[in-house]
file protein.csv (CSV, C-alpha atoms)
chain,number,residue,atom,x,y,z
D,1,MET,CA,0.0,0.0,0.0
D,2,SER,CA,2.8,2.4,0.9
D,3,GLU,CA,4.5,1.7,-2.5
D,4,GLN,CA,1.3,2.5,-4.3
D,5,THR,CA,0.8,5.7,-2.3
D,6,GLU,CA,4.4,6.8,-3.1
D,7,GLN,CA,3.8,6.2,-6.8
D,8,ALA,CA,0.6,8.1,-6.6
D,9,GLU,CA,2.3,11.1,-5.0
D,10,ARG,CA,5.1,11.0,-7.5
D,11,GLY,CA,2.7,10.8,-10.5
D,12,VAL,CA,0.1,13.4,-9.7
D,13,GLY,CA,1.9,16.3,-11.5
D,14,GLU,CA,1.5,15.1,-15.1
D,15,PHE,CA,-1.0,17.7,-16.1
D,16,THR,CA,-1.1,21.4,-17.0
D,17,LEU,CA,-3.7,24.1,-16.4
D,18,THR,CA,-5.5,24.6,-19.7
D,19,GLY,CA,-8.5,26.5,-21.0
D,20,PRO,CA,-11.0,25.8,-23.8
D,21,LEU,CA,-8.6,26.5,-26.7
D,22,THR,CA,-6.1,23.8,-25.6
D,23,THR,CA,-8.5,21.0,-25.0
D,24,ALA,CA,-9.3,18.2,-27.5
D,25,PRO,CA,-12.0,18.9,-30.1
D,26,PRO,CA,-15.3,17.3,-29.3
D,27,ALA,CA,-16.1,13.9,-31.0
D,28,GLY,CA,-17.3,14.4,-34.5
D,29,TYR,CA,-15.6,17.8,-35.0
D,30,THR,CA,-12.9,18.0,-37.6
D,31,ALA,CA,-11.0,21.2,-38.3
D,32,PRO,CA,-10.6,21.9,-42.1
D,33,GLU,CA,-7.3,21.4,-43.8
D,34,PRO,CA,-5.4,24.7,-44.2
D,35,ASP,CA,-4.8,26.1,-47.7
D,36,GLU,CA,-1.2,26.8,-46.9
D,37,LYS,CA,1.3,25.8,-44.1
D,38,TRP,CA,4.1,28.1,-43.4
D,39,PRO,CA,7.3,27.2,-41.5
D,40,LEU,CA,8.4,30.1,-39.3
D,41,ARG,CA,11.3,30.7,-37.0
D,42,GLY,CA,10.3,29.2,-33.7
D,43,GLY,CA,6.9,28.2,-35.0
D,44,PHE,CA,4.6,27.8,-37.9
D,45,ALA,CA,1.3,29.1,-39.4
D,46,HIS,CA,-1.8,27.7,-41.1
D,47,VAL,CA,-3.6,29.8,-43.7
D,48,TYR,CA,-7.3,29.4,-44.3
D,49,ARG,CA,-8.6,31.5,-47.2
D,50,GLY,CA,-11.8,33.4,-46.9
D,51,GLY,CA,-14.8,33.1,-49.3
D,52,ARG,CA,-13.5,32.6,-52.8
D,53,ASN,CA,-10.3,34.5,-52.3
D,54,PRO,CA,-7.6,33.4,-54.8
D,55,GLY,CA,-5.0,34.1,-52.2
D,56,ILE,CA,-4.5,36.2,-49.1
D,57,VAL,CA,-6.7,39.3,-49.5
D,58,ARG,CA,-8.1,40.3,-46.1
D,59,PRO,CA,-5.9,38.7,-43.6
D,60,VAL,CA,-6.6,38.2,-39.9
D,61,ILE,CA,-3.5,37.0,-38.0
D,62,MET,CA,-4.2,35.2,-34.7
D,63,ALA,CA,-1.5,34.0,-32.3
D,64,ASP,CA,-1.9,31.0,-30.1
D,65,GLY,CA,-1.9,31.2,-26.3
D,66,PHE,CA,0.0,29.6,-23.4
D,67,ASN,CA,0.7,26.0,-22.4
D,68,LEU,CA,3.5,23.6,-22.4
D,69,GLY,CA,4.9,22.2,-25.7
D,70,LYS,CA,4.1,22.8,-29.3
D,71,SER,CA,0.9,24.5,-30.6
D,72,ASP,CA,-1.8,22.3,-32.1
D,73,LEU,CA,-3.5,24.5,-34.6
D,74,ALA,CA,-6.2,22.0,-35.4
D,75,TRP,CA,-7.2,22.1,-31.8
D,76,LEU,CA,-6.9,25.9,-31.8
D,77,TYR,CA,-9.2,26.1,-34.9
D,78,ALA,CA,-11.7,23.8,-33.2
D,79,GLY,CA,-11.6,25.9,-30.0
D,80,LEU,CA,-12.3,29.1,-31.9
D,81,ASP,CA,-15.1,27.6,-34.0
D,82,ARG,CA,-16.9,24.8,-32.2
D,83,ASP,CA,-19.2,26.6,-29.6
D,84,TYR,CA,-19.7,29.7,-31.8
D,85,PRO,CA,-18.6,29.5,-35.4
D,86,PHE,CA,-16.3,32.5,-35.2
D,87,LEU,CA,-13.8,31.4,-37.8
D,88,THR,CA,-16.4,30.0,-40.2
D,89,GLU,CA,-18.2,33.3,-40.1
D,90,LEU,CA,-15.0,35.3,-40.4
D,91,ARG,CA,-14.1,33.4,-43.6
D,92,ARG,CA,-17.6,33.6,-45.0
D,93,ARG,CA,-17.3,37.4,-44.8
D,94,GLY,CA,-14.2,37.2,-46.9
D,95,HIS,CA,-11.4,37.3,-44.3
D,96,ASP,CA,-8.4,35.0,-44.5
D,97,VAL,CA,-7.6,33.4,-41.2
D,98,ILE,CA,-3.9,32.9,-40.4
D,99,LEU,CA,-3.3,30.9,-37.2
D,100,VAL,CA,0.2,31.3,-35.7
D,101,GLY,CA,1.6,28.5,-33.5
D,102,PHE,CA,4.8,28.2,-31.5
D,103,ASP,CA,7.3,25.3,-31.2
D,104,GLU,CA,7.2,25.9,-27.5
D,105,ARG,CA,4.3,27.9,-26.1
D,106,SER,CA,5.9,28.3,-22.7
D,107,ALA,CA,9.0,30.0,-24.1
D,108,SER,CA,9.7,33.6,-23.5
D,109,ILE,CA,7.2,36.0,-25.0
D,110,LEU,CA,10.2,37.8,-26.5
D,111,ASP,CA,11.3,34.6,-28.3
D,112,ASN,CA,7.8,33.8,-29.6
D,113,ALA,CA,7.5,37.4,-30.8
D,114,ARG,CA,10.0,36.5,-33.5
D,115,THR,CA,7.5,34.0,-34.9
D,116,VAL,CA,4.7,36.4,-35.0
D,117,THR,CA,6.9,39.1,-36.5
D,118,GLU,CA,7.8,36.7,-39.4
D,119,ALA,CA,4.1,35.8,-39.8
D,120,VAL,CA,3.2,39.5,-40.2
D,121,THR,CA,6.1,40.1,-42.6
D,122,ARG,CA,5.2,37.1,-44.8
D,123,THR,CA,1.6,38.1,-44.8
D,124,CYS,CA,2.5,41.5,-46.1
D,125,ALA,CA,4.7,40.0,-48.8
D,126,GLU,CA,2.1,37.5,-50.0
D,127,GLN,CA,-1.1,39.6,-49.8
D,128,ILE,CA,-3.0,40.4,-52.9
D,129,GLY,CA,-3.9,44.1,-52.8
D,130,ARG,CA,-3.3,46.5,-49.9
D,131,ALA,CA,-6.2,45.9,-47.5
D,132,PRO,CA,-5.1,46.7,-43.9
D,133,LEU,CA,-4.2,43.6,-41.9
D,134,THR,CA,-5.8,42.6,-38.6
D,135,ALA,CA,-3.5,41.0,-36.0
D,136,GLY,CA,-4.1,39.8,-32.5
D,137,GLY,CA,-4.4,36.8,-30.3
D,138,PHE,CA,-6.0,34.9,-27.5
D,139,SER,CA,-4.7,35.0,-24.0
D,140,MET,CA,-0.9,35.1,-24.2
D,141,GLY,CA,-1.1,35.4,-28.0
D,142,GLY,CA,-2.6,38.9,-27.6
D,143,LEU,CA,0.4,39.9,-25.5
D,144,VAL,CA,2.9,38.5,-28.0
D,145,THR,CA,1.2,40.4,-30.8
D,146,ARG,CA,1.0,43.6,-28.9
D,147,TYR,CA,4.7,43.5,-28.3
D,148,VAL,CA,5.4,42.6,-31.9
D,149,LEU,CA,3.5,45.5,-33.4
D,150,ALA,CA,4.8,48.0,-30.9
D,151,LYS,CA,8.4,46.9,-31.6
D,152,MET,CA,7.9,47.1,-35.3
D,153,GLU,CA,6.6,50.6,-35.0
D,154,HIS,CA,9.5,51.5,-32.7
D,155,GLU,CA,11.9,50.2,-35.4
D,156,ARG,CA,9.9,52.1,-38.1
D,157,VAL,CA,8.9,48.9,-39.8
D,158,ASP,CA,5.5,49.1,-41.7
D,159,HIS,CA,3.4,46.3,-40.3
D,160,ARG,CA,0.3,47.5,-42.3
D,161,VAL,CA,-2.0,46.5,-39.4
D,162,GLY,CA,-5.2,48.5,-39.2
D,163,VAL,CA,-6.8,46.7,-36.2
D,164,TYR,CA,-5.2,44.9,-33.3
D,165,PHE,CA,-7.3,42.8,-30.9
D,166,SER,CA,-6.7,40.8,-27.7
D,167,TYR,CA,-9.1,38.2,-26.4
D,168,ASP,CA,-9.0,37.8,-22.6
D,169,THR,CA,-5.3,38.7,-22.7
D,170,PRO,CA,-3.6,39.4,-19.3
D,171,HIS,CA,-2.4,42.9,-20.0
D,172,ARG,CA,-2.1,43.6,-16.3
D,173,GLY,CA,-1.2,40.0,-15.4
D,174,ALA,CA,-2.9,36.6,-14.9
D,175,TYR,CA,-3.6,34.8,-11.6
D,176,ILE,CA,-2.8,31.3,-10.5
D,177,PRO,CA,-3.2,30.8,-6.7
D,178,ILE,CA,0.1,31.0,-4.8
D,179,GLY,CA,-0.8,27.8,-2.9
D,180,LEU,CA,-1.4,26.0,-6.2
D,181,GLN,CA,1.9,27.2,-7.7
D,182,ALA,CA,3.7,26.0,-4.5
D,183,PHE,CA,2.1,22.6,-4.8
D,184,ALA,CA,3.6,22.1,-8.2
D,185,HIS,CA,7.0,22.2,-6.6
D,186,PHE,CA,5.9,20.2,-3.5
D,187,ILE,CA,5.5,17.2,-5.7
D,188,PRO,CA,8.8,15.3,-5.0
D,189,VAL,CA,9.8,14.7,-8.7
D,190,PRO,CA,10.1,16.8,-11.8
D,191,ASN,CA,6.6,17.2,-13.4
D,192,ASP,CA,4.7,19.0,-16.2
D,193,PHE,CA,2.8,21.2,-13.8
D,194,ALA,CA,6.0,22.5,-12.2
D,195,ARG,CA,7.5,23.0,-15.6
D,196,GLN,CA,4.5,25.0,-16.7
D,197,MET,CA,4.4,27.2,-13.6
D,198,ASN,CA,8.2,27.9,-13.7
D,199,SER,CA,8.4,28.4,-17.5
D,200,PRO,CA,9.6,31.8,-18.9
D,201,ALA,CA,6.2,32.7,-20.2
D,202,ALA,CA,4.5,31.9,-16.9
D,203,ARG,CA,7.0,34.0,-15.0
D,204,GLN,CA,6.4,36.9,-17.4
D,205,MET,CA,2.6,36.8,-17.4
D,206,LEU,CA,1.7,35.8,-13.8
D,207,TRP,CA,0.8,38.8,-11.6
D,208,ARG,CA,2.4,37.1,-8.7
D,209,HIS,CA,4.8,34.1,-9.0
D,210,TYR,CA,5.9,31.6,-6.4
D,211,ASP,CA,9.7,31.1,-6.3
D,212,ALA,CA,10.4,27.5,-5.4
D,213,MET,CA,14.0,28.3,-4.5
D,214,THR,CA,13.2,30.9,-1.9
D,215,GLY,CA,9.7,29.9,-1.0
D,216,GLN,CA,8.6,33.5,-1.5
D,217,ASN,CA,6.0,35.0,-3.8
D,218,GLY,CA,6.1,38.3,-5.6
D,219,ILE,CA,6.7,39.8,-9.0
D,220,ALA,CA,9.1,37.6,-10.9
D,221,PRO,CA,12.3,39.2,-12.3
D,222,GLU,CA,11.3,37.9,-15.7
D,223,ARG,CA,8.0,39.9,-15.5
D,224,ARG,CA,9.8,43.1,-14.5
D,225,GLU,CA,12.2,42.6,-17.5
D,226,PHE,CA,9.3,41.9,-19.9
D,227,LEU,CA,7.4,45.0,-18.8
D,228,GLU,CA,10.5,47.1,-19.2
D,229,ASN,CA,11.0,45.7,-22.7
D,230,LEU,CA,7.4,46.5,-23.5
D,231,ALA,CA,7.7,50.0,-22.2
D,232,ARG,CA,10.9,50.5,-24.1
D,233,VAL,CA,9.0,50.0,-27.4
D,234,GLY,CA,6.1,52.3,-26.4
D,235,GLY,CA,3.9,49.9,-24.5
D,236,TRP,CA,1.3,49.6,-27.3
D,237,PRO,CA,1.2,49.9,-31.0
D,238,ARG,CA,-0.1,53.4,-32.0
D,239,ILE,CA,-1.1,53.0,-35.6
D,240,PRO,CA,-3.8,50.3,-35.4
D,241,ARG,CA,-7.2,50.6,-33.7
D,242,LEU,CA,-6.9,48.7,-30.4
D,243,LEU,CA,-9.7,46.3,-29.4
D,244,ALA,CA,-9.9,44.2,-26.2
D,245,LEU,CA,-12.4,41.5,-25.1
D,246,ALA,CA,-12.8,40.1,-21.6
D,247,ASN,CA,-14.5,36.8,-20.6
D,248,GLY,CA,-15.3,38.2,-17.2
D,249,ARG,CA,-18.1,40.7,-16.2
D,250,GLY,CA,-17.6,44.4,-15.9
D,251,ASP,CA,-20.1,45.3,-13.2
D,252,GLY,CA,-17.9,44.3,-10.3
D,253,THR,CA,-19.5,40.8,-9.9
D,254,GLY,CA,-17.2,37.8,-9.8
D,255,ILE,CA,-18.0,34.3,-8.8
D,256,ALA,CA,-19.0,33.0,-5.3
D,257,VAL,CA,-15.7,31.9,-3.8
D,258,PRO,CA,-15.7,33.3,-0.2
D,259,PRO,CA,-12.2,34.5,0.9
D,260,GLY,CA,-10.5,32.2,3.3
D,261,GLU,CA,-12.9,29.3,2.6
D,262,THR,CA,-11.5,25.8,1.8
D,263,VAL,CA,-11.6,25.3,-1.9
D,264,LEU,CA,-10.0,21.8,-2.1
D,265,LYS,CA,-8.9,19.1,0.3
D,266,SER,CA,-7.2,15.8,-0.4
D,267,GLU,CA,-7.1,12.6,1.6
D,268,ARG,CA,-5.3,9.2,0.9
D,269,VAL,CA,-2.9,10.9,-1.5
D,270,TYR,CA,-1.2,14.0,0.0
D,271,PRO,CA,-3.5,13.4,3.0
D,272,GLY,CA,-4.5,16.6,4.7
D,273,THR,CA,-3.4,18.9,1.9
D,274,THR,CA,-5.8,21.8,1.9
D,275,PHE,CA,-6.1,24.9,-0.3
D,276,TYR,CA,-7.9,28.1,0.8
D,277,ALA,CA,-9.3,31.0,-1.2
D,278,GLN,CA,-7.2,34.1,-1.1
D,279,ALA,CA,-8.2,36.5,1.6
D,280,GLN,CA,-6.9,40.0,2.5
D,281,GLY,CA,-4.5,40.4,5.3
D,282,ARG,CA,-0.8,40.3,6.3
D,283,GLU,CA,-0.2,36.6,7.1
D,284,VAL,CA,-2.9,34.7,5.2
D,285,THR,CA,-2.7,30.9,4.9
D,286,VAL,CA,-3.5,29.8,1.4
D,287,ALA,CA,-2.4,26.2,1.5
D,288,GLU,CA,-1.3,23.5,3.9
D,289,LEU,CA,0.8,21.0,1.9
D,290,LYS,CA,1.4,17.5,3.3
D,291,ARG,CA,3.0,14.4,1.8
D,292,ARG,CA,4.2,11.0,2.9
D,293,PHE,CA,7.1,10.3,0.5
D,294,PRO,CA,9.4,11.8,1.5
D,295,ALA,CA,7.5,13.0,4.6
D,296,SER,CA,7.1,16.8,4.6
D,297,GLU,CA,4.7,19.5,5.6
D,298,LYS,CA,4.6,23.1,4.4
D,299,THR,CA,2.3,26.1,5.1
D,300,ILE,CA,2.0,28.6,2.3
D,301,THR,CA,1.1,32.2,3.2
D,302,THR,CA,0.6,35.5,1.4
D,303,GLY,CA,0.5,39.1,2.5
D,304,ASP,CA,-1.5,42.1,1.4
D,305,LEU,CA,-3.1,40.5,-1.7
D,306,PRO,CA,-6.7,41.2,-2.7
D,307,GLU,CA,-9.4,38.5,-2.9
D,308,MET,CA,-8.4,37.2,-6.3
D,309,ASP,CA,-10.2,33.8,-6.5
D,310,GLY,CA,-13.7,35.2,-6.8
D,311,ALA,CA,-12.7,38.4,-8.7
D,312,PRO,CA,-14.6,39.4,-11.9
D,313,GLY,CA,-12.8,37.8,-14.8
D,314,GLY,CA,-12.4,34.9,-17.2
D,315,THR,CA,-12.3,31.7,-15.2
D,316,LEU,CA,-10.1,28.6,-15.3
D,317,ARG,CA,-10.8,25.2,-13.7
D,318,SER,CA,-7.6,25.6,-11.7
D,319,TYR,CA,-8.7,23.6,-8.7
D,320,GLY,CA,-10.9,21.3,-10.8
D,321,ILE,CA,-8.0,20.3,-12.9
D,322,LEU,CA,-5.9,19.5,-9.9
D,323,ALA,CA,-8.8,17.6,-8.3
D,324,ASP,CA,-9.1,15.5,-11.5
D,325,ALA,CA,-5.4,14.7,-11.3
D,326,LEU,CA,-5.6,13.7,-7.6
D,327,LYS,CA,-8.6,11.5,-8.2
D,328,LYS,CA,-6.9,9.8,-11.1
D,329,VAL,CA,-4.1,8.5,-8.7
D,330,GLY,CA,-6.6,7.4,-6.0
D,331,ALA,CA,-7.1,10.5,-3.8
D,332,GLN,CA,-10.3,11.2,-2.0
D,333,VAL,CA,-11.1,14.8,-2.9
D,334,ASP,CA,-13.3,17.4,-1.3
D,335,LEU,CA,-13.7,20.0,-4.1
D,336,ARG,CA,-15.8,23.0,-3.3
D,337,HIS,CA,-14.8,25.5,-5.9
D,338,GLU,CA,-13.4,24.1,-9.2
D,339,GLU,CA,-13.4,27.4,-11.1
D,340,ILE,CA,-11.7,30.6,-10.1
D,341,CYS,CA,-10.7,33.9,-11.7
D,342,PHE,CA,-7.7,33.5,-14.1
D,343,VAL,CA,-7.6,36.8,-16.1
D,344,PRO,CA,-9.4,39.6,-14.2
D,345,THR,CA,-11.6,41.8,-16.3
D,346,VAL,CA,-9.6,44.9,-15.5
D,347,SER,CA,-6.5,43.1,-16.8
D,348,ALA,CA,-8.1,42.0,-20.0
D,349,VAL,CA,-9.4,45.5,-20.9
D,350,ALA,CA,-6.3,47.3,-19.5
D,351,LEU,CA,-8.4,49.5,-17.3
D,352,ARG,CA,-7.1,49.1,-13.8
D,353,ASP,CA,-4.3,47.3,-12.0
D,354,LEU,CA,-4.8,44.2,-9.8
D,355,ASP,CA,-3.1,45.3,-6.6
D,356,GLN,CA,-6.1,47.0,-4.9
D,357,GLN,CA,-9.4,45.3,-4.0
D,358,LYS,CA,-11.3,48.4,-5.0
D,359,ASP,CA,-9.8,48.3,-8.5
D,360,LEU,CA,-10.2,44.6,-9.0
D,361,TYR,CA,-13.9,44.7,-8.1
D,362,ALA,CA,-14.7,48.1,-9.6
D,363,ASN,CA,-17.9,48.6,-11.5
D,364,LEU,CA,-16.3,49.4,-14.8
D,365,ASP,CA,-19.5,50.7,-16.3
D,366,ALA,CA,-19.1,53.7,-13.9
D,367,LEU,CA,-15.6,54.5,-15.1
D,368,ALA,CA,-14.7,56.8,-18.0
D,369,PRO,CA,-13.9,54.6,-21.1
D,370,ASP,CA,-10.8,56.7,-21.8
D,371,GLU,CA,-9.2,55.2,-18.6
D,372,SER,CA,-8.5,52.1,-20.7
D,373,GLU,CA,-5.4,51.9,-22.7
D,374,VAL,CA,-7.3,50.5,-25.7
D,375,ASP,CA,-9.7,52.3,-28.1
D,376,ASP,CA,-12.7,50.0,-27.7
D,377,PHE,CA,-13.5,47.0,-25.5
D,378,ILE,CA,-16.2,44.7,-24.3
D,379,TRP,CA,-16.7,42.5,-21.3
D,380,SER,CA,-19.0,39.6,-21.0
D,381,SER,CA,-22.5,40.0,-19.5
D,382,THR,CA,-22.0,36.7,-17.7
D,383,THR,CA,-18.9,35.1,-16.3
D,384,THR,CA,-17.4,32.8,-18.9
D,385,PRO,CA,-14.3,30.5,-19.1
D,386,HIS,CA,-11.0,32.1,-20.1
D,387,THR,CA,-10.8,32.4,-24.0
D,388,ALA,CA,-14.3,30.9,-24.5
D,389,VAL,CA,-15.6,32.2,-27.8
D,390,THR,CA,-19.2,33.1,-27.1
D,391,GLU,CA,-21.9,34.5,-29.4
D,392,GLU,CA,-21.8,37.8,-27.5
D,393,LEU,CA,-18.1,38.4,-27.7
D,394,GLY,CA,-17.6,36.7,-31.1
D,395,THR,CA,-20.3,38.8,-32.8
D,396,TRP,CA,-18.9,42.0,-31.3
D,397,LEU,CA,-15.5,41.3,-32.7
D,398,LEU,CA,-16.8,40.1,-36.1
D,399,ASP,CA,-18.7,43.4,-36.5
D,400,ARG,CA,-15.6,45.5,-35.8
D,401,LEU,CA,-13.4,43.5,-38.1
D,402,SER,CA,-15.9,43.6,-40.9
D,403,GLY,CA,-16.9,47.2,-40.5
call {"tool": "encode", "arguments": {"input": "protein.csv", "output": "structure tokens"}}
result
Amino acid sequence: MSEQTEQAERGVGEFTLTGPLTTAPPAGYTAPEPDEKWPLRGGFAHVYRGGRNPGIVRPVIMADGFNLGKSDLAWLYAGLDRDYPFLTELRRRGHDVILVGFDERSASILDNARTVTEAVTRTCAEQIGRAPLTAGGFSMGGLVTRYVLAKMEHERVDHRVGVYFSYDTPHRGAYIPIGLQAFAHFIPVPNDFARQMNSPAARQMLWRHYDAMTGQNGIAPERREFLENLARVGGWPRIPRLLALANGRGDGTGIAVPPGETVLKSERVYPGTTFYAQAQGREVTVAELKRRFPASEKTITTGDLPEMDGAPGGTLRSYGILADALKKVGAQVDLRHEEICFVPTVSAVALRDLDQQKDLYANLDALAPDESEVDDFIWSSTTTPHTAVTEELGTWLLDRLSG
């Protein structure tokens, strides 16, 4: 029995935190074959022509988001088209879809920016006519593309992009609970979850990062460096119209995850390990980690953080995914809140920072629209999963790309 428990504790980390765009397409759904496949430095692109276009006429470049490993553009296509036919409708209206993938999605945003830069350059070279380009991305992809266009402008390179869009992109940072990040490194063997949490892109995007070497949490050096690089090229592209979409609500209403409440507890495997929703305060316990092989216990605390788990924003099954992994290896799980905030609405529409409770939970309808750093934005009328393409958001974006 002890040998089985040890194997279970060692094997629990073979998962990653993923959203709708990186899950397998539903049975019966098959993404169409691309009209062209481009090899790019550090990645690749698939081209799907719109309408009866003889080539690339009205291109919309979309960059993939964050996860471990290589992009799967068939999965990405499915994720963007299966619940609401966003890509089908975009192509029906005569737009050419260019999906950009990365050889390693968790690599530095600055490295993956080279891939998107090459995609933009090649699109300009192969386009028939001179219609303005649209470029953007989902989640991290929006951040990569934002940096690319700003850098091209800074270097006085004509990107010919007329509209930039970001879809639930963490412009002000994304949130993974500190206790959950710490657990990735509490697993006594190297594992995918720890690699994901400690990857260059995670360190650059996460609003607060847990450092396994020091046991402290804060702003990762890689994030500070990325933000400095972004500021150095102007922060945002200035030529295109800037659009931003958020999967969370904008009226200050999040999801019901009471601060300080138990969100997940495990028995049998990592027995007694408990995670708590982030609460405000100086010394707040967010996780009690316990394992048998080798025996160890660790209490994870935070200080002066707002109530992030229930904040308005696009959600991720952060605790649900971990609970699934624990149950798979034989744990008895008490899961009370499977979904929590991942990209706060204020982050996705670049309207306020995440540090203060009052900003995180602000009624954005009551704020002046020009407080945002983008030209036009929308948030969801209901809380939806991170990067989920809904009819409400999809229609809004289609209308602005086709106008």
call {"tool": "residues_around", "arguments": {"input": "protein.csv", "residues": "range 300-312 of chain D", "least_positions_apart": "5", "cutoff": "6 Å", "atoms": "only C-alpha atoms", "output": "list in words"}}
result
Gly179, Gly248, Arg249, Thr253, Gly254, Ile255, Ala256, Val257, Gln278, Ala279, Gln280, Gly281, Arg282, Glu283, Val284, Thr285, Val286, Ala287, Ile340, Cys341, Pro344, Thr345 and Gln357 of chain D
call {"tool": "closest_residue", "arguments": {"input": "protein.csv", "among": "D:Thr145, D:Ser106, D:Thr123, D:Asn191", "to": "Gly13 in chain D", "atoms": "all atoms listed in the file"}}
result
D:Asn191
call {"tool": "residues_around", "arguments": {"input": "protein.csv", "residues": "Ala119 in chain D", "least_positions_apart": "5", "cutoff": "12 Å", "atoms": "all atoms listed in the file", "output": "MDAnalysis selection string"}}
result
chainID D and resid 37:47 59:63 98:102 112:114 124:127 133 135:136 145 148:149 159
call {"tool": "closest_residue", "arguments": {"input": "protein.csv", "among": "D:Ile109, D:Ala131, D:Leu264, D:Ala150", "to": "Ser199 in chain D", "atoms": "all atoms listed in the file"}}
result
D:Ile109
call {"tool": "closest_residue", "arguments": {"input": "protein.csv", "among": "D:Gly250, D:Pro258, D:Pro54, D:Gly19", "to": "Arg317 in chain D", "atoms": "all atoms listed in the file"}}
result
D:Gly19
call {"tool": "closest_residue", "arguments": {"input": "protein.csv", "among": "D:Ser139, D:Thr395, D:Gln216, D:Ser347", "to": "Ala201 in chain D", "atoms": "all atoms listed in the file"}}
result
D:Ser139
call {"tool": "residues_around", "arguments": {"input": "protein.csv", "residues": "range 81-83 of chain D", "least_positions_apart": "6", "cutoff": "8 Å", "atoms": "only C-alpha atoms", "output": "number ranges by chain"}}
result
D: 25, 29, 389-390
call {"tool": "atom_distance", "arguments": {"input": "protein.csv", "atom1": "CA of His185 in chain D", "atom2": "CA of Asp168 in chain D"}}
result
27.5 Å
call {"tool": "residues_around", "arguments": {"input": "protein.csv", "residues": "Arg91 in chain D", "least_positions_apart": "5", "cutoff": "8 Å", "atoms": "all atoms listed in the file", "output": "PyMOL selection string"}}
result
chain D and resi 48-51+96-97
call {"tool": "residues_around", "arguments": {"input": "protein.csv", "residues": "Val157 in chain D", "least_positions_apart": "3", "cutoff": "12 Å", "atoms": "all atoms listed in the file", "output": "PyMOL selection string"}}
result
chain D and resi 117+120-121+124+148-154+160-161+237+239
call {"tool": "closest_residue", "arguments": {"input": "protein.csv", "among": "D:Gly272, D:Val263, D:Tyr84, D:Glu297", "to": "Glu338 in chain D", "atoms": "all atoms listed in the file"}}
result
D:Val263
call {"tool": "decode", "arguments": {"input": "protein.csv", "residues": "range 335-347 of chain D", "atoms": "N, CA and C atoms", "output": "PDB file, in the first residue's frame"}}
result
ATOM      1  N   LEU D 335     -13.792  18.797  -3.245  1.00  0.00           N
ATOM      2  CA  LEU D 335     -13.659  19.957  -4.128  1.00  0.00           C
ATOM      3  C   LEU D 335     -14.887  20.846  -3.973  1.00  0.00           C
ATOM      4  N   ARG D 336     -14.666  22.067  -3.514  1.00  0.00           N
ATOM      5  CA  ARG D 336     -15.791  22.971  -3.271  1.00  0.00           C
ATOM      6  C   ARG D 336     -15.885  24.099  -4.308  1.00  0.00           C
ATOM      7  N   HIS D 337     -14.776  24.420  -4.922  1.00  0.00           N
ATOM      8  CA  HIS D 337     -14.779  25.484  -5.935  1.00  0.00           C
ATOM      9  C   HIS D 337     -13.804  25.084  -7.036  1.00  0.00           C
ATOM     10  N   GLU D 338     -14.318  24.551  -8.125  1.00  0.00           N
ATOM     11  CA  GLU D 338     -13.417  24.090  -9.175  1.00  0.00           C
ATOM     12  C   GLU D 338     -12.909  25.222 -10.056  1.00  0.00           C
ATOM     13  N   GLU D 339     -13.729  26.261 -10.255  1.00  0.00           N
ATOM     14  CA  GLU D 339     -13.351  27.379 -11.108  1.00  0.00           C
ATOM     15  C   GLU D 339     -13.047  28.611 -10.276  1.00  0.00           C
ATOM     16  N   ILE D 340     -12.018  29.347 -10.688  1.00  0.00           N
ATOM     17  CA  ILE D 340     -11.695  30.621 -10.057  1.00  0.00           C
ATOM     18  C   ILE D 340     -11.281  31.604 -11.146  1.00  0.00           C
ATOM     19  N   CYS D 341     -11.100  32.835 -10.761  1.00  0.00           N
ATOM     20  CA  CYS D 341     -10.667  33.860 -11.710  1.00  0.00           C
ATOM     21  C   CYS D 341      -9.249  33.559 -12.202  1.00  0.00           C
ATOM     22  N   PHE D 342      -9.033  33.712 -13.489  1.00  0.00           N
ATOM     23  CA  PHE D 342      -7.706  33.542 -14.081  1.00  0.00           C
ATOM     24  C   PHE D 342      -7.190  34.859 -14.677  1.00  0.00           C
ATOM     25  N   VAL D 343      -7.975  35.479 -15.549  1.00  0.00           N
ATOM     26  CA  VAL D 343      -7.614  36.800 -16.079  1.00  0.00           C
ATOM     27  C   VAL D 343      -8.697  37.787 -15.638  1.00  0.00           C
ATOM     28  N   PRO D 344      -8.401  38.624 -14.643  1.00  0.00           N
ATOM     29  CA  PRO D 344      -9.392  39.599 -14.192  1.00  0.00           C
ATOM     30  C   PRO D 344      -9.845  40.510 -15.336  1.00  0.00           C
ATOM     31  N   THR D 345     -11.096  40.923 -15.301  1.00  0.00           N
ATOM     32  CA  THR D 345     -11.629  41.780 -16.347  1.00  0.00           C
ATOM     33  C   THR D 345     -10.811  43.053 -16.507  1.00  0.00           C
ATOM     34  N   VAL D 346     -10.399  43.649 -15.385  1.00  0.00           N
ATOM     35  CA  VAL D 346      -9.615  44.889 -15.474  1.00  0.00           C
ATOM     36  C   VAL D 346      -8.286  44.666 -16.179  1.00  0.00           C
ATOM     37  N   SER D 347      -7.761  43.449 -16.095  1.00  0.00           N
ATOM     38  CA  SER D 347      -6.517  43.116 -16.789  1.00  0.00           C
ATOM     39  C   SER D 347      -6.769  42.952 -18.280  1.00  0.00           C
TER      40      SER D 347
END
